[in-house]
Amino acid sequence: MANRVVKTIGNFKVELGDGVIMIRDLKDDLLKAESVRPSEGEDRFEEVCKNLEKKIAERKELGLSV
């Protein structure tokens with residue numbers, strides 16, 4: 001993969017590669033992957049990151065594990 005963007009959010013890493021967005025745990029185990037068009041990759045990556053941050057905040061408010 002040429003350009004790879006990685007953002008760590010809580011106990012997860014969100015990666016944007018060539019046409020794929022991956023969510024991994026900190027042990028580097030793949031939890032979820034999504035194919036995206038290259039023209040939509042960066043926008044979808046930001047959307048996935050925001051949604052994950054929101055979900056983690058909601059779980060913390062409820063006292064649930066993250």
# chains A, B, ... in the order shown; residues from 1 in each chain; ligands from 1
$ select_by_dssp --residues "chain A" --states "alpha helix (DSSP H)" --output "list in words"
Gly41, Glu42, Asp43, Arg44, Phe45, Glu46, Glu47, Val48, Cys49, Lys50, Asn51, Leu52, Glu53, Lys54, Lys55, Ile56, Ala57, Glu58, Arg59, Lys60 and Glu61 of chain A
$ residues_around --residues "A:Lys27" --least-positions-apart "6" --cutoff "10 Å" --atoms "only C-alpha atoms" --output "list in words"
Asn11, Phe12 and Lys13 of chain A
$ atom_distance --atom1 "atom CA of A:Leu62" --atom2 "atom CA of A:Asp29"
26.0 Å
$ residues_around --residues "stretch 54-61 of chain A" --least-positions-apart "5" --cutoff "10 Å" --atoms "only C-alpha atoms" --output "PDB file with N, CA and C atoms, in the first residue's frame"
ATOM      1  N   ILE A   9      -7.618   5.734  18.236  1.00  0.00           N
ATOM      2  CA  ILE A   9      -8.759   6.246  18.978  1.00  0.00           C
ATOM      3  C   ILE A   9      -9.034   5.251  20.098  1.00  0.00           C
ATOM      4  N   GLY A  10      -8.777   5.651  21.320  1.00  0.00           N
ATOM      5  CA  GLY A  10      -8.974   4.736  22.445  1.00  0.00           C
ATOM      6  C   GLY A  10      -8.112   3.504  22.284  1.00  0.00           C
ATOM      7  N   ASN A  11      -8.735   2.339  22.334  1.00  0.00           N
ATOM      8  CA  ASN A  11      -8.017   1.071  22.192  1.00  0.00           C
ATOM      9  C   ASN A  11      -8.040   0.539  20.767  1.00  0.00           C
ATOM     10  N   VAL A  48     -15.819   7.502   9.776  1.00  0.00           N
ATOM     11  CA  VAL A  48     -15.625   6.327  10.625  1.00  0.00           C
ATOM     12  C   VAL A  48     -14.958   6.737  11.937  1.00  0.00           C
ATOM     13  N   CYS A  49     -13.954   7.614  11.866  1.00  0.00           N
ATOM     14  CA  CYS A  49     -13.255   8.073  13.074  1.00  0.00           C
ATOM     15  C   CYS A  49     -14.211   8.821  14.004  1.00  0.00           C
ATOM     16  N   VAL A  66     -14.876  -0.257  27.116  1.00  0.00           N
ATOM     17  CA  VAL A  66     -14.628   0.241  25.763  1.00  0.00           C
ATOM     18  C   VAL A  66     -13.788  -0.746  24.999  1.00  0.00           C
TER      19      VAL A  66
END
$ closest_residue --among "A:Val20, A:Ser65, A:Val5, A:Glu15" --to "A:Ser35" --atoms "only C-alpha atoms"
A:Val20
$ closest_residue --among "A:Asn3, A:Leu64, A:Asn51, A:Leu26" --to "A:Pro38" --atoms "only C-alpha atoms"
A:Asn3
